[in-house]
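All remarks here apply to the structure that follows.
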Amino acid sequence: MKSLPYFCRGDVIRGFGRGSKELGIPTANFPDSVVDNLPADISTGIYYGWACVGNGDVYKMVMSIGWNPYYKNTKKSMETHVIHTFKEDFYGDILSVVVVGYIRPERSYNSLEALIAAINNDIEEAKAQLEVPEHLKLRDDNFFTSAPSPSSALPPTSASTSQTIMNGR
């Protein structure tokens, strides 16, 4: 996938309400404006990379891009699980991510337990892959230090933050 690493950011919106509740694996969801701007060569599947909420620290992440066959979604989504325990939700905050690599295609599962086991395997794979020096260096990319502050107002003529798509620095 020639578009990797892929840099993007947007507002965290409410998703399907199942990440934390059903799976015990909370996710941050991007609005359609971010999902719709994915490069064509980034296919659906499970990816790993780096994520930063607001101007906070950069953490490892795993992301599902697609329709989540187990749930039979009718709308394509980008659901990011930041590998860190946050004290509270961060809906409305800016999430900046660098999608670094691909783990596997989307697939359906026979049970919720099998889905959870697969996600936990994806998390372990992401943790390992992100220790590779070429991937580790992206944690310190200036993309994260240039993240817009949630308190900074944009001029009325500027695109809203949720529409800011970046691929590069």
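Labeling convention for the structure tokens: chains A, B, ... as they appear, residues from 1 per chain, ligands from 1 in order of appearance.
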Quiz prompt | Residues within 8 Å of Ile123 in chain A, only C-alpha atoms, excluding chain neighbours under 4 positions, as a PyMOL selection string | solution = chain A and resi 61-62+83+119+127
Quiz item: From the list A:Trp67, A:Tyr59, A:Phe16, A:Tyr6, which residue is nearest Asn37 in chain A when using only C-alpha atoms?
Solution: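 Using only C-alpha atoms, the shortest distance to Asn37 in chain A belongs to A:Tyr6.
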Practice problem: Considering only C-alpha atoms, return as a PyMOL selection string whatever protein or nucleic-acid residues lie within 12 Å of Lys75 in chain A, sequence-local ones (same chain, fewer than 6 positions apart) excluded. | Solution: chain A and resi 15-16+31-32+35-36+65-69
Self-check item: Which of chain A DSSP labels strand (DSSP E), written as a VMD selection string
Solution: chain A and resid 6 to 11 28 to 29 45 to 53 58 to 66 77 to 82 94 to 104
Practice problem: Give me every alpha helix (DSSP H) residue in range 4-157 of chain A, going by DSSP on the backbone, as a ChimeraX atom specification. | Solution: /A:32-35,112-129,133-136,142-145
Keeping N, CA, C and O atoms for every residue in the selection just given, could you write it to a file as a compact mmCIF listing (two decimals), in the first residue's frame?
```txt
# COMPACT_ATOMS: atom_id res chain seq x y z
N ASP A 32 -17.48 10.90 8.85
CA ASP A 32 -17.47 10.49 7.44
C ASP A 32 -16.47 11.30 6.62
O ASP A 32 -15.87 10.77 5.68
N SER A 33 -16.28 12.58 6.96
CA SER A 33 -15.38 13.43 6.18
C SER A 33 -13.95 12.88 6.18
O SER A 33 -13.22 13.06 5.20
N VAL A 34 -13.56 12.19 7.24
CA VAL A 34 -12.22 11.58 7.29
C VAL A 34 -12.24 10.25 6.55
O VAL A 34 -11.37 9.96 5.73
N VAL A 35 -13.25 9.42 6.82
CA VAL A 35 -13.37 8.10 6.20
C VAL A 35 -13.45 8.23 4.68
O VAL A 35 -12.78 7.49 3.95
N LEU A 112 -19.07 -13.65 19.55
CA LEU A 112 -18.49 -12.42 20.09
C LEU A 112 -17.14 -12.72 20.74
O LEU A 112 -16.18 -11.95 20.60
N GLU A 113 -17.03 -13.87 21.38
CA GLU A 113 -15.78 -14.27 22.04
C GLU A 113 -14.65 -14.42 21.02
O GLU A 113 -13.51 -14.02 21.27
N ALA A 114 -14.96 -14.98 19.85
CA ALA A 114 -13.95 -15.15 18.80
C ALA A 114 -13.51 -13.80 18.25
O ALA A 114 -12.32 -13.58 17.97
N LEU A 115 -14.46 -12.87 18.11
CA LEU A 115 -14.14 -11.51 17.67
C LEU A 115 -13.21 -10.83 18.68
O LEU A 115 -12.19 -10.24 18.31
N ILE A 116 -13.55 -10.92 19.95
CA ILE A 116 -12.73 -10.30 21.00
C ILE A 116 -11.32 -10.90 21.01
O ILE A 116 -10.33 -10.18 21.13
N ALA A 117 -11.23 -12.20 20.86
CA ALA A 117 -9.91 -12.87 20.82
C ALA A 117 -9.10 -12.36 19.63
O ALA A 117 -7.89 -12.10 19.76
N ALA A 118 -9.74 -12.20 18.47
CA ALA A 118 -9.04 -11.70 17.28
C ALA A 118 -8.55 -10.26 17.51
O ALA A 118 -7.41 -9.93 17.15
N ILE A 119 -9.39 -9.43 18.11
CA ILE A 119 -8.99 -8.04 18.38
C ILE A 119 -7.81 -8.02 19.35
O ILE A 119 -6.85 -7.26 19.15
N ASN A 120 -7.86 -8.85 20.36
CA ASN A 120 -6.73 -8.89 21.31
C ASN A 120 -5.45 -9.37 20.63
O ASN A 120 -4.36 -8.86 20.93
N ASN A 121 -5.56 -10.31 19.69
CA ASN A 121 -4.39 -10.72 18.91
C ASN A 121 -3.88 -9.57 18.05
O ASN A 121 -2.66 -9.38 17.91
N ASP A 122 -4.80 -8.79 17.47
CA ASP A 122 -4.42 -7.63 16.66
C ASP A 122 -3.67 -6.61 17.52
O ASP A 122 -2.68 -6.02 17.07
N ILE A 123 -4.13 -6.41 18.74
CA ILE A 123 -3.47 -5.46 19.65
C ILE A 123 -2.04 -5.93 19.94
O ILE A 123 -1.10 -5.13 19.90
N GLU A 124 -1.87 -7.21 20.19
CA GLU A 124 -0.52 -7.73 20.46
C GLU A 124 0.38 -7.61 19.23
O GLU A 124 1.56 -7.27 19.34
N GLU A 125 -0.18 -7.86 18.05
CA GLU A 125 0.57 -7.71 16.81
C GLU A 125 0.99 -6.25 16.60
O GLU A 125 2.13 -5.97 16.22
N ALA A 126 0.06 -5.33 16.86
CA ALA A 126 0.37 -3.90 16.73
C ALA A 126 1.49 -3.50 17.67
O ALA A 126 2.44 -2.80 17.28
N LYS A 127 1.40 -3.93 18.91
CA LYS A 127 2.45 -3.60 19.89
C LYS A 127 3.81 -4.06 19.40
O LYS A 127 4.80 -3.33 19.51
N ALA A 128 3.89 -5.26 18.87
CA ALA A 128 5.16 -5.82 18.40
C ALA A 128 5.67 -5.07 17.16
O ALA A 128 6.84 -4.69 17.09
N GLN A 129 4.79 -4.87 16.19
CA GLN A 129 5.20 -4.20 14.94
C GLN A 129 5.69 -2.78 15.19
O GLN A 129 6.60 -2.30 14.50
N PRO A 133 12.23 -0.38 14.46
CA PRO A 133 12.77 0.99 14.40
C PRO A 133 12.12 1.91 13.36
O PRO A 133 11.84 3.07 13.66
N GLU A 134 11.86 1.40 12.15
CA GLU A 134 11.26 2.25 11.12
C GLU A 134 9.84 2.70 11.49
O GLU A 134 9.38 3.75 11.06
N HIS A 135 9.14 1.91 12.30
CA HIS A 135 7.80 2.27 12.75
C HIS A 135 7.86 3.12 14.02
O HIS A 135 7.07 4.05 14.19
N LEU A 136 8.79 2.80 14.89
CA LEU A 136 8.96 3.51 16.15
C LEU A 136 9.26 4.99 15.92
O LEU A 136 8.77 5.86 16.63
N ASN A 142 6.73 15.11 13.49
CA ASN A 142 6.23 16.45 13.81
C ASN A 142 4.75 16.63 13.50
O ASN A 142 4.14 17.61 13.91
N PHE A 143 4.14 15.67 12.82
CA PHE A 143 2.68 15.69 12.62
C PHE A 143 1.96 15.78 13.97
O PHE A 143 0.97 16.49 14.10
N PHE A 144 2.46 15.06 14.95
CA PHE A 144 1.80 15.06 16.26
C PHE A 144 2.01 16.36 17.01
O PHE A 144 1.14 16.80 17.75
N THR A 145 3.14 16.99 16.85
CA THR A 145 3.37 18.26 17.56
C THR A 145 2.68 19.42 16.86
O THR A 145 2.52 20.48 17.45
```
Practice problem: Please provide as a PyMOL selection string all residues within 12 Å of Thr44 in chain A, with the sequence filter that same-chain residues fewer than 6 positions apart are discarded (counting only C-alpha atoms). | Solution: chain A and resi 1+35+38+63-69+76-79+102-107
Quiz prompt | Neighbour list for Phe86 in chain A as a VMD selection string, cut-off 12 Å, only C-alpha atoms, skip fewer than 5 positions in-chain | solution = chain A and resid 25 to 28 52 to 53 56 to 57 59 81
